[in-house]
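Next comes protein23.cif, with mmCIF, C-alpha atoms.
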```cif
data_coords
#
loop_
_atom_site.group_PDB
_atom_site.id
_atom_site.type_symbol
_atom_site.label_atom_id
_atom_site.label_comp_id
_atom_site.auth_asym_id
_atom_site.auth_seq_id
_atom_site.Cartn_x
_atom_site.Cartn_y
_atom_site.Cartn_z
ATOM 1 C CA MET A 1 115.121 68.033 71.386
ATOM 2 C CA ASN A 2 114.182 66.388 68.119
ATOM 3 C CA LEU A 3 110.499 67.202 67.768
ATOM 4 C CA LEU A 4 109.894 64.763 64.923
ATOM 5 C CA LYS A 5 111.408 61.839 66.844
ATOM 6 C CA LEU A 6 109.331 62.701 69.880
ATOM 7 C CA ILE A 7 106.138 62.896 67.822
ATOM 8 C CA LEU A 8 106.868 59.536 66.222
ATOM 9 C CA ARG A 9 107.870 57.806 69.452
ATOM 10 C CA GLU A 10 104.457 57.665 71.100
ATOM 11 C CA HIS A 11 101.008 59.213 70.907
ATOM 12 C CA SER A 12 100.085 59.938 74.506
ATOM 13 C CA LYS A 13 99.139 62.698 76.901
ATOM 14 C CA ALA A 14 102.652 62.511 78.382
ATOM 15 C CA THR A 15 104.279 63.034 74.978
ATOM 16 C CA THR A 16 101.868 65.851 74.202
ATOM 17 C CA SER A 17 102.781 67.538 77.492
ATOM 18 C CA ARG A 18 106.511 67.197 76.751
ATOM 19 C CA ILE A 19 106.025 68.799 73.341
ATOM 20 C CA VAL A 20 103.888 71.627 74.762
ATOM 21 C CA ASP A 21 106.478 72.272 77.495
ATOM 22 C CA TYR A 22 109.290 72.243 74.937
ATOM 23 C CA VAL A 23 107.520 74.666 72.589
ATOM 24 C CA GLY A 24 106.472 76.963 75.438
ATOM 25 C CA TYR A 25 106.116 80.486 74.095
ATOM 26 C CA ASP A 26 108.849 80.105 71.480
ATOM 27 C CA PRO A 27 107.518 81.135 68.030
ATOM 28 C CA ALA A 28 110.365 79.317 66.227
ATOM 29 C CA ARG A 29 109.603 76.035 67.986
ATOM 30 C CA PHE A 30 105.893 76.508 67.330
ATOM 31 C CA GLN A 31 106.680 77.176 63.656
ATOM 32 C CA LEU A 32 108.571 73.881 63.530
ATOM 33 C CA LEU A 33 105.611 72.049 65.095
ATOM 34 C CA VAL A 34 103.210 73.626 62.591
ATOM 35 C CA SER A 35 105.548 72.729 59.714
ATOM 36 C CA LEU A 36 105.648 69.091 60.822
ATOM 37 C CA PHE A 37 101.861 69.134 61.163
ATOM 38 C CA LEU A 38 101.293 70.527 57.665
ATOM 39 C CA LYS A 39 104.000 68.491 55.957
ATOM 40 C CA GLY A 40 103.069 65.075 57.318
ATOM 41 C CA PRO A 41 103.106 62.204 56.687
ATOM 42 C CA TYR A 42 99.729 61.204 58.042
ATOM 43 C CA ARG A 43 100.951 59.875 61.412
ATOM 44 C CA VAL A 44 103.042 62.984 62.101
ATOM 45 C CA THR A 45 100.116 65.245 61.199
ATOM 46 C CA GLN A 46 97.768 63.284 63.429
ATOM 47 C CA ARG A 47 100.147 63.310 66.396
ATOM 48 C CA ALA A 48 101.190 66.956 66.034
ATOM 49 C CA ALA A 49 97.571 68.164 66.057
ATOM 50 C CA TRP A 50 97.023 67.614 69.770
ATOM 51 C CA PRO A 51 100.077 69.547 71.028
ATOM 52 C CA ILE A 52 99.355 72.395 68.616
ATOM 53 C CA SER A 53 95.949 72.946 70.188
ATOM 54 C CA TYR A 54 97.417 72.911 73.707
ATOM 55 C CA CYS A 55 100.235 75.288 72.726
ATOM 56 C CA VAL A 56 97.648 77.749 71.409
ATOM 57 C CA GLN A 57 95.445 77.293 74.473
ATOM 58 C CA ASN A 58 98.436 78.214 76.671
ATOM 59 C CA HIS A 59 99.789 80.958 74.398
ATOM 60 C CA PRO A 60 97.136 82.197 71.918
ATOM 61 C CA ALA A 61 99.534 84.676 70.313
ATOM 62 C CA LEU A 62 101.557 81.785 68.850
ATOM 63 C CA ILE A 63 98.861 81.172 66.239
ATOM 64 C CA LYS A 64 99.381 84.568 64.619
ATOM 65 C CA GLY A 65 100.495 84.000 61.052
ATOM 66 C CA HIS A 66 99.466 80.331 61.047
ATOM 67 C CA LEU A 67 95.709 80.477 61.508
ATOM 68 C CA LYS A 68 94.639 80.589 57.864
ATOM 69 C CA LYS A 69 96.995 77.724 56.940
ATOM 70 C CA LEU A 70 95.607 75.559 59.729
ATOM 71 C CA ILE A 71 91.990 76.313 58.825
ATOM 72 C CA ASP A 72 92.635 75.611 55.136
ATOM 73 C CA PHE A 73 94.324 72.337 56.074
ATOM 74 C CA ALA A 74 91.444 71.281 58.366
ATOM 75 C CA GLU A 75 88.931 71.996 55.595
ATOM 76 C CA LEU A 76 90.551 69.579 53.154
ATOM 77 C CA PRO A 77 88.233 66.645 52.390
ATOM 78 C CA ALA A 78 90.963 64.154 53.314
ATOM 79 C CA ALA A 79 91.796 65.862 56.620
ATOM 80 C CA HIS A 80 92.096 63.394 59.491
ATOM 81 C CA VAL A 81 89.538 63.871 62.237
ATOM 82 C CA ALA A 82 92.389 64.775 64.639
ATOM 83 C CA VAL A 83 93.248 67.708 62.382
ATOM 84 C CA LYS A 84 89.662 68.992 62.392
ATOM 85 C CA ARG A 85 89.100 68.344 66.078
ATOM 86 C CA ASN A 86 92.275 70.048 67.263
ATOM 87 C CA THR A 87 92.076 72.940 64.814
ATOM 88 C CA ILE A 88 88.523 73.723 65.886
ATOM 89 C CA ARG A 89 89.520 73.158 69.516
ATOM 90 C CA LEU A 90 92.248 75.812 69.299
ATOM 91 C CA LEU A 91 89.823 78.239 67.626
ATOM 92 C CA GLN A 92 87.939 78.342 70.934
ATOM 93 C CA PHE A 93 90.893 80.109 72.570
ATOM 94 C CA VAL A 94 91.770 82.783 70.022
ATOM 95 C CA ALA A 95 90.230 85.952 68.682
ATOM 96 C CA ILE A 96 89.409 85.177 65.064
ATOM 97 C CA PRO A 97 90.639 87.990 62.803
ATOM 98 C CA ARG A 98 87.864 89.793 60.933
ATOM 99 C CA ASN A 99 89.126 88.581 57.551
ATOM 100 C CA LEU A 100 88.805 84.918 58.645
ATOM 101 C CA GLN A 101 85.523 85.107 60.552
ATOM 102 C CA GLY A 102 83.336 84.183 57.566
ATOM 103 C CA LYS A 103 85.564 81.247 56.660
ATOM 104 C CA VAL A 104 85.636 79.993 60.253
ATOM 105 C CA PHE A 105 81.881 80.466 60.635
ATOM 106 C CA ASP A 106 81.156 78.462 57.463
ATOM 107 C CA PHE A 107 83.567 75.685 58.441
ATOM 108 C CA CYS A 108 82.274 75.332 62.001
ATOM 109 C CA PHE A 109 78.644 75.643 60.909
ATOM 110 C CA ARG A 110 79.110 72.794 58.404
ATOM 111 C CA CYS A 111 80.810 70.663 61.061
ATOM 112 C CA LEU A 112 78.077 71.329 63.609
ATOM 113 C CA ALA A 113 75.344 70.586 61.076
ATOM 114 C CA ASN A 114 76.893 67.299 59.975
ATOM 115 C CA PRO A 115 75.677 64.443 62.198
ATOM 116 C CA LYS A 116 78.498 62.253 60.848
ATOM 117 C CA GLU A 117 81.137 64.455 62.444
ATOM 118 C CA PRO A 118 82.475 63.205 65.788
ATOM 119 C CA ILE A 119 80.873 64.752 68.879
ATOM 120 C CA ALA A 120 84.081 66.588 69.869
ATOM 121 C CA VAL A 121 84.282 68.323 66.474
ATOM 122 C CA ARG A 122 80.639 69.371 66.716
ATOM 123 C CA VAL A 123 80.879 70.526 70.338
ATOM 124 C CA PHE A 124 84.030 72.575 69.720
ATOM 125 C CA SER A 125 82.345 74.048 66.633
ATOM 126 C CA MET A 126 79.413 75.116 68.794
ATOM 127 C CA THR A 127 81.717 77.059 71.106
ATOM 128 C CA VAL A 128 83.575 78.726 68.232
ATOM 129 C CA LEU A 129 80.264 79.755 66.649
ATOM 130 C CA SER A 130 79.061 81.131 69.972
ATOM 131 C CA ASN A 131 82.268 83.147 70.325
ATOM 132 C CA LEU A 132 81.807 84.556 66.827
ATOM 133 C CA ALA A 133 78.188 85.466 67.616
ATOM 134 C CA LYS A 134 79.344 87.571 70.574
ATOM 135 C CA GLU A 135 81.071 89.840 68.074
ATOM 136 C CA ASN A 136 78.431 89.424 65.362
ATOM 137 C CA PRO A 137 75.018 89.093 67.091
ATOM 138 C CA GLU A 138 73.170 88.607 63.800
ATOM 139 C CA LEU A 139 74.748 85.131 63.565
ATOM 140 C CA LYS A 140 72.667 83.962 66.524
ATOM 141 C CA ASN A 141 69.687 83.613 64.171
ATOM 142 C CA GLU A 142 71.509 80.849 62.312
ATOM 143 C CA ILE A 143 73.211 79.127 65.229
ATOM 144 C CA VAL A 144 70.330 78.859 67.717
ATOM 145 C CA PRO A 145 67.933 76.883 65.455
ATOM 146 C CA LEU A 146 70.719 74.533 64.370
ATOM 147 C CA ILE A 147 71.562 73.644 67.966
ATOM 148 C CA GLU A 148 67.912 73.429 69.055
ATOM 149 C CA ASP A 149 67.100 71.036 66.205
ATOM 150 C CA GLN A 150 69.877 68.657 67.279
ATOM 151 C CA LEU A 151 69.338 68.640 71.053
ATOM 152 C CA PRO A 152 66.541 66.028 71.230
ATOM 153 C CA PHE A 153 68.710 63.408 69.497
ATOM 154 C CA ALA A 154 72.094 64.390 70.905
ATOM 155 C CA SER A 155 74.499 62.708 73.293
ATOM 156 C CA ALA A 156 74.758 63.907 76.884
ATOM 157 C CA GLY A 157 77.961 65.826 76.127
ATOM 158 C CA PHE A 158 76.433 67.555 73.133
ATOM 159 C CA ARG A 159 73.273 68.412 75.092
ATOM 160 C CA SER A 160 75.280 69.820 77.993
ATOM 161 C CA ARG A 161 77.358 72.105 75.766
ATOM 162 C CA GLY A 162 74.324 72.917 73.607
ATOM 163 C CA ILE A 163 72.242 74.091 76.552
ATOM 164 C CA ARG A 164 75.120 76.196 77.868
ATOM 165 C CA VAL A 165 75.751 77.765 74.439
ATOM 166 C CA LEU A 166 72.025 78.419 73.889
ATOM 167 C CA ASN A 167 71.822 80.176 77.257
ATOM 168 C CA GLU A 168 74.767 82.377 76.271
ATOM 169 C CA LEU A 169 73.324 83.137 72.852
ATOM 170 C CA LYS A 170 69.855 83.993 74.176
ATOM 171 C CA ARG A 171 71.106 86.583 76.673
#
```

For this file, write the structure as structure tokens.
Amino acid sequence: MNLLKLILREHSKATTSRIVDYVGYDPARFQLLVSLFLKGPYRVTQRAAWPISYCVQNHPALIKGHLKKLIDFAELPAAHVAVKRNTIRLLQFVAIPRNLQGKVFDFCFRCLANPKEPIAVRVFSMTVLSNLAKENPELKNEIVPLIEDQLPFASAGFRSRGIRVLNELKR
């Protein structure tokens, strides 16, 4: 299967599913998908982001060796929202290595705090921050007030996730 041709053919759930099924648990195929994602051009990067997050959701071990590159790429000022959204989405499903926890915390905290970020980016960031706080309870002191301050003005989806995350963090 020519992954690039498939990515360029159509941006749909069906295409994403075909790519995820093709990659499966094959590290070489996942490496190719990540390479296409990082190399671009813009449309390829945008369309490869979605299947990457689903591949990692299904097989978290695939991300080993790629995590820092993906985070660095998502942090670029010119990063497409699909890159941020799907990178943060996949972070929900993996154990963040100790050496990347500070970087991930800062990135997700900035995304959550920025009202101009799309709701999905902010909601996924909330979950990643909550997961990090389970391992580092002292982070709760920074996360809880940030979420509480945003709840009164938030969308229904944000409020729903925010209440659930606050309940987890306050246990």

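The interatomic distance for the pair atom CA of Ser130 of chain A and atom CA of Val144 of chain A works out to 9.3 Å.
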
All residues 7 Å or closer to segment 38-53 of chain A, only C-alpha atoms, same chain fewer than 6 positions away omitted, as a CSV table (one decimal) with C-alpha atoms, in the coordinates of the input:
```csv
chain,number,residue,atom,x,y,z
A,7,ILE,CA,106.1,62.9,67.8
A,8,LEU,CA,106.9,59.5,66.2
A,11,HIS,CA,101.0,59.2,70.9
A,16,THR,CA,101.9,65.9,74.2
A,19,ILE,CA,106.0,68.8,73.3
A,20,VAL,CA,103.9,71.6,74.8
A,80,HIS,CA,92.1,63.4,59.5
A,82,ALA,CA,92.4,64.8,64.6
A,83,VAL,CA,93.2,67.7,62.4
A,86,ASN,CA,92.3,70.0,67.3
A,87,THR,CA,92.1,72.9,64.8
A,89,ARG,CA,89.5,73.2,69.5
A,90,LEU,CA,92.2,75.8,69.3
```

Worksheet entry | Output check: residues returned by the PyMOL selection byres ((chain A and resi 91) around 12), as a PyMOL selection string | chain A and resi 52-57+60-61+63-64+66-68+70-71+74+84-90+92-97+100-101+104-105+107-108+121+124-132

Worksheet item: Near segment 147-154 of chain A, within 12 Å and counting only C-alpha atoms, which residues show up once chain neighbours fewer than 5 positions away are dropped, as an MDAnalysis selection string?
Response: chainID A and resid 109 111:115 118:119 122:123 125:127 129:130 140:142 159:167 169:170

Worksheet entry | Nearest residue to Leu62 of chain A from the set A:Glu75, A:Ser155, A:Leu36, A:Pro27 (distances using all atoms listed in the file) | A:Pro27

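Atom CA of Phe73 of chain A is found 26.2 Å from atom CA of Met1 of chain A.
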
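The shortest atom-to-atom distance to Leu4 of chain A, with only C-alpha atoms taken into account, belongs to A:Leu33 out of A:Ser17, A:Leu33, A:Glu117, A:Gly24.
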
Discussion item. Just to confirm, what's the straight-line distance from atom CA of Pro137 of chain A to atom CA of Asp72 of chain A in Å (one decimal)?
Written reply: 25.2 Å
